[in-house]
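First comes the structure, then the notes that go with it.
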Amino acid sequence: MRSEPILEVRDLAVAFATDDGVVQAVDGVSFDLHAGEVLAVVGESGCGKSVTAMTLLGLTRSSNARFSGTARYGDTELISASEEQMRRVRGAEIAMIFQDAMAALNPVMRIGRQIAEQIQAHEDVSDAEARDRAVVLLERVGIPRARERIDSYPHEFSGGMRQRVMIALGLSCDPKILIADEPTTALDVTIQAQILEHFRELREQTNAALIIVTHDLGVVADIADRVAVMYAGRIVEQGTLDEIFYDPRHPYTWGLLGSIARVDKPRPARLPTIAGLPPSLSDRPAGCHLRPRCPHEFADCVKVPPLEVRGAGVGHADRCWLAPERKVALREVEPGEIGLRPKSPAVTTKAPA
Amino acid sequence: MGRFIVRRLIAMVAVLFAISIVTFAIFNVIPNSDPALRLAGRNQTPEQLDAIRRAWGFDKPIYVQYGKTMEKIFTGDLISYANQVDVDREIIQDVPRTFSLAIGAAIMWMAFAVAIGLYTAVKAGQFSDRFLTVLALIGISMPVFWVGALMNYYLGFKWKIFPNGGYVPLTQNPLDWAYHLILPWTALSLLFIGVYSRVLRSNVLDTINDDYVRTARAKGLSERQIMLRHVLRNSLIPIVTLWGLDFAAVLGGGAILTESVFDLQGVGQYAAESVGQLDIPPVMAIVMFAAFFVVLLNTVVDIIYAALDPRIRLT
């Protein structure tokens with residue numbers, strides 16, 4: 001018996017009007033998030049994962065953005081909430097950790113001030129108290145000599161330390177949900193492991209839920225409970241970590257898993273890739289968006305496959321019309337190895353000259 | 001910091017030296033610039049001219065003349081060739097007038113430019129932005145001698161709302177001082193308000209898209225806090241450079257038109273009159289005076305810059 005989700009996203013869609021037409025960045029995204037859970041949103045660049053994350057905090061709002069769908073957090077519906085309602089949610093209830101901490105921190109403001117400012121935006125505390133809390137936060141994320149370092153500027157920190165400051169900022173008001181947008185992308189692997197360790201500790205200490213947006217499947221395997229795979233603005237598959245890694249049901253997920261560099265195998269001349277490019281979000285193919293790249297395409301694929309459970313597992317849903325038993329056979333490129341074969345050139349129908 | 005200031009002082013001496021040589025050379029090669037002709041008056045004889053040349057040292061080689069002139073600038077013995085007035089004393093008399101104009105106008109144009117620049121950036125694309133943009137362009141396009149003359153005629157002479165030119169010392173009556181300076185301040189500020197507000201508007205629009213502004217919003221700060229603490233603070237940094245240099249130019253007597261139109265009798269007006277008479281001593285002295293402020297304010301701007309942006313180090 002699971003508890004009520006703290007965040008329920010239903011049919012979220014985000015479109016931007018641009019000079020090149022309407023860009024449908026997010027299309028029909030639905031998921032639940034429970035307290036203490038780590039949800040990883042994975043996909044390649046431009047698949048809409050960051051836009052989804054930022055939309056939950058109302059950070060994509062602008063005059064040329066169009067939203068539909070709902071995101072219910074407690075009594076607040078985040079998509080239609082007023083700016084003042086959102087202001088109270090931002091940082092306090094739902095906090096966000098950004099990718100590039102160097103750019104995401106104000107270069108001319110001391111880091112202690114940047115943290116204290118967030119605390120004071122939500123709680124009526126004195127400057128001295130806010131500062132003390134900032135010191136505690138910096139210590140908690142593992143910054144040595146925090147009391148001295150609090151008066152430093154962002155450029156005086158190393159990349160890993162800056163990312164910790166970013167995390168301290170995210171934690172400063174004990175949010176219920178922490179959204180981390182590629183939090184470890186710019187960091188080397190040792191720092192990355194330390195940062196992920198911090199996330200794990202935090203979850204244990206505060207029971208906050210974490211949405212981690214990444215394209216790094218290593219990070220996903222390390223920390224996630226559940227995974228949502230996004231492609232061209234849609235979630236194409238979601239399920240538990242084990243379901244996604246050991247029983248993937250969407251060809252795009254197969255392709256992602258097949259393109260991981262392996263240390264337990266002889267090194268191939270080239271890493272496997274998914275042939276072709278993701279579609280432009282302003283001109284997406286009808287039906288399944290993977291169709292032009294998918295070797296398993298068949299007649300049904302011109303219809304949009306809904307995200308639903310198509311086999312065993314309560315929460316393991318995908319958007320692929322293939323029969324579940326066919327998938328098990330098709331996803332193995334060699335015995336025991338999951339991957340996506342390149343689409344044979346013969347399939348592309350081209351009229352002879 | 002200490003090393004920085006020493007380095008800048010050395011540079012300042014070099015700059016002043018170079019400028020003085022160039023100025024002196026120019027005034028010695030332009031036609032009809034022989035000061036003896038002016039000193040001799042209308043009915044001159046060649047003998048008189050020779051006597052004057054010997055008496056004033058114009059028969060000496062040019063580098064000797066240069067050395068003598070520079071020496072006199074710093075000892076305060078420099079005498080105008082046109083009217084035999086002590087140049088340094090004249091400049092000292094003019095300085096409070098020029099400084100009153102410069103300081104008041106610099107505060108005025110900065111305050112208005114920040115207000116208008118921030119407002120138009122926030123309202124970018126809306127009617128109020130377009131309206132103020134047109135006003136700013138009008139401000140940039142209107143020459144000071146024309147605006148100043150119009151102000152003088154209508155506000156000063158015809159409707160008698162403001163005094164028609166003139167200057168009252170601050171020490172004598174501060175209210176009257178400001179009252180007399182409102183028109184010159186406004187006339188001088190119009191151009192700068194136009195330029196600065198346009199520059200600030202585009203800086204703000206650039207800064208608004210920076211990642212740390214998105215972070216500030218994600219923290220739950222109010223729109224006002226975001227704009228003032230994060231956007232404006234970072235957008236103002238480049239404006240400070242502009243401001244320092246323009247302020248220095250006006251301090252050094254660069255507002256020649258404004259000073260002349262409102263008859264403030266400041267350093268700039270003195271410079272204009274001296275150039276008109278090809279009177280080398282005051283020109284030399286004022287050029288040194290102006291160059292000093294430009295170099296000084298440049299250094300001050302660099303120090304302020306480093307204070308505003310901790311990533312900058314003074315070397």
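Ligands are numbered from 1 in the order shown, chains are lettered A, B, ... in the order of the structure tokens, and residues start at 1 in each chain.
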Can you list every residue in range 35-139 of chain A that DSSP puts in strand (DSSP E), as a ChimeraX atom specification? /A:38-42,65-73,76-77,94-97
Residues of chain A were defined as contacting chain B if any atom lay at most 9 Å from it, counting only C-alpha atoms; please report them as a PyMOL selection string. chain A and resi 54+57-59+84+86-92+94-98+100-109+114+117-122+153+155-156+169-170
Go ahead and write the selection's residues with N, CA and C atoms as a short mmCIF file (atom, residue, chain, number, x, y, z; two decimals), in the first residue's frame.
```cif
data_model
loop_
_atom_site.label_atom_id
_atom_site.label_comp_id
_atom_site.auth_asym_id
_atom_site.auth_seq_id
_atom_site.Cartn_x
_atom_site.Cartn_y
_atom_site.Cartn_z
N MET A 54 11.73 22.59 -14.98
CA MET A 54 11.60 24.02 -14.69
C MET A 54 10.14 24.46 -14.70
N LEU A 57 8.33 24.50 -11.45
CA LEU A 57 8.56 25.67 -10.59
C LEU A 57 8.11 26.97 -11.25
N GLY A 58 7.48 26.85 -12.40
CA GLY A 58 7.01 28.05 -13.10
C GLY A 58 8.14 28.87 -13.68
N LEU A 59 9.31 28.26 -13.90
CA LEU A 59 10.45 29.03 -14.39
C LEU A 59 10.45 29.16 -15.91
N GLU A 84 2.55 34.85 -7.08
CA GLU A 84 2.77 34.99 -5.64
C GLU A 84 2.69 33.61 -4.96
N MET A 86 3.40 30.81 -6.45
CA MET A 86 4.61 30.11 -6.89
C MET A 86 5.82 30.60 -6.11
N ARG A 87 5.84 31.90 -5.83
CA ARG A 87 6.98 32.45 -5.10
C ARG A 87 7.13 31.76 -3.75
N ARG A 88 5.97 31.46 -3.12
CA ARG A 88 6.04 30.82 -1.82
C ARG A 88 6.44 29.35 -1.91
N VAL A 89 6.16 28.73 -3.06
CA VAL A 89 6.55 27.33 -3.25
C VAL A 89 8.03 27.23 -3.59
N ARG A 90 8.48 28.14 -4.45
CA ARG A 90 9.86 28.09 -4.94
C ARG A 90 10.86 28.21 -3.80
N GLY A 91 11.78 27.28 -3.77
CA GLY A 91 12.83 27.37 -2.76
C GLY A 91 12.42 26.82 -1.42
N ALA A 92 11.15 26.99 -1.04
CA ALA A 92 10.71 26.55 0.28
C ALA A 92 10.12 25.14 0.23
N ILE A 94 9.50 23.36 -3.01
CA ILE A 94 10.18 22.68 -4.11
C ILE A 94 11.41 23.52 -4.45
N ALA A 95 12.58 22.93 -4.36
CA ALA A 95 13.80 23.68 -4.65
C ALA A 95 14.48 23.06 -5.85
N MET A 96 15.27 23.87 -6.51
CA MET A 96 15.91 23.38 -7.72
C MET A 96 17.42 23.58 -7.65
N ILE A 97 18.13 22.58 -8.11
CA ILE A 97 19.59 22.65 -8.19
C ILE A 97 19.95 22.67 -9.66
N PHE A 98 20.69 23.69 -10.07
CA PHE A 98 20.96 23.83 -11.50
C PHE A 98 22.27 23.20 -11.89
N ASP A 100 24.95 24.20 -14.11
CA ASP A 100 26.24 24.88 -14.16
C ASP A 100 26.30 25.87 -13.00
N ALA A 101 26.91 25.44 -11.90
CA ALA A 101 26.86 26.26 -10.69
C ALA A 101 27.59 27.58 -10.87
N MET A 102 28.60 27.60 -11.74
CA MET A 102 29.33 28.85 -11.96
C MET A 102 28.39 29.91 -12.52
N ALA A 103 27.56 29.51 -13.47
CA ALA A 103 26.64 30.48 -14.07
C ALA A 103 25.40 30.68 -13.21
N ALA A 104 25.06 29.66 -12.43
CA ALA A 104 23.80 29.72 -11.69
C ALA A 104 23.93 30.49 -10.38
N LEU A 105 25.16 30.80 -9.97
CA LEU A 105 25.34 31.62 -8.76
C LEU A 105 25.70 33.03 -9.20
N ASN A 106 25.19 34.01 -8.47
CA ASN A 106 25.49 35.41 -8.81
C ASN A 106 26.98 35.68 -8.58
N PRO A 107 27.71 36.08 -9.63
CA PRO A 107 29.16 36.22 -9.50
C PRO A 107 29.61 37.33 -8.56
N VAL A 108 28.74 38.30 -8.29
CA VAL A 108 29.19 39.44 -7.49
C VAL A 108 28.56 39.44 -6.09
N MET A 109 28.01 38.29 -5.67
CA MET A 109 27.41 38.24 -4.34
C MET A 109 28.08 37.12 -3.55
N GLN A 114 23.93 34.73 -0.62
CA GLN A 114 23.02 34.10 -1.58
C GLN A 114 22.17 33.03 -0.91
N GLU A 117 19.76 34.90 1.71
CA GLU A 117 18.70 35.60 0.99
C GLU A 117 17.51 34.67 0.74
N GLN A 118 17.81 33.43 0.41
CA GLN A 118 16.72 32.48 0.16
C GLN A 118 15.97 32.16 1.46
N ILE A 119 16.72 31.98 2.54
CA ILE A 119 16.07 31.69 3.82
C ILE A 119 15.15 32.85 4.21
N GLN A 120 15.68 34.07 4.01
CA GLN A 120 14.89 35.24 4.41
C GLN A 120 13.72 35.51 3.48
N ALA A 121 13.76 34.92 2.29
CA ALA A 121 12.61 35.09 1.39
C ALA A 121 11.41 34.31 1.90
N HIS A 122 11.66 33.32 2.74
CA HIS A 122 10.55 32.46 3.18
C HIS A 122 10.31 32.48 4.68
N TYR A 153 33.35 34.48 -2.76
CA TYR A 153 32.54 34.63 -3.97
C TYR A 153 32.57 33.32 -4.76
N HIS A 155 33.47 32.50 -7.67
CA HIS A 155 34.65 32.18 -8.47
C HIS A 155 35.83 31.72 -7.62
N GLU A 156 35.71 31.89 -6.29
CA GLU A 156 36.80 31.45 -5.42
C GLU A 156 36.69 29.98 -5.01
N LEU A 169 22.10 25.58 -1.16
CA LEU A 169 21.06 26.55 -1.49
C LEU A 169 19.71 25.83 -1.64
N GLY A 170 19.75 24.70 -2.34
CA GLY A 170 18.52 23.93 -2.54
C GLY A 170 17.93 23.44 -1.24
#
```
In terms of the shortest atom-to-atom distance over only C-alpha atoms, which of A:Leu340, A:Leu171, A:Ala275, A:Val136 is closest to Ala208 in chain A? A:Leu171
Using only C-alpha atoms for the distances, tell me which of A:Gly48, A:Pro295, A:Gly258, A:Pro144 is nearest to Val213 in chain A.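 With only C-alpha atoms as the atom set, the closest residue is A:Gly48.
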Figure out the distance between CA of Trp185 in chain B and CA of Gly139 in chain B, please, to one decimal in Å.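 Separation between CA of Gly139 in chain B and CA of Trp185 in chain B: 13.6 Å.
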Could you name the residues that touch His198 in chain A at 8 Å or less, counting only C-alpha atoms, but leaving out those on the same chain fewer than 4 positions away, as a list in words?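 Final neighbour list, sorted by chain and number: Val141, Gln194 and Leu202 of chain A.
The closest residue to Val261 in chain B, picked from B:Tyr179, B:Tyr305, B:Phe192, B:Tyr153 and counting only C-alpha atoms, is B:Tyr153.
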Report as an MDAnalysis selection string all protein, DNA and RNA residues lying within 9 Å of Phe27 in chain B, evaluated on only C-alpha atoms, omitting residues in the same chain fewer than 5 positions from it. chainID B and resid 22 33 278:280
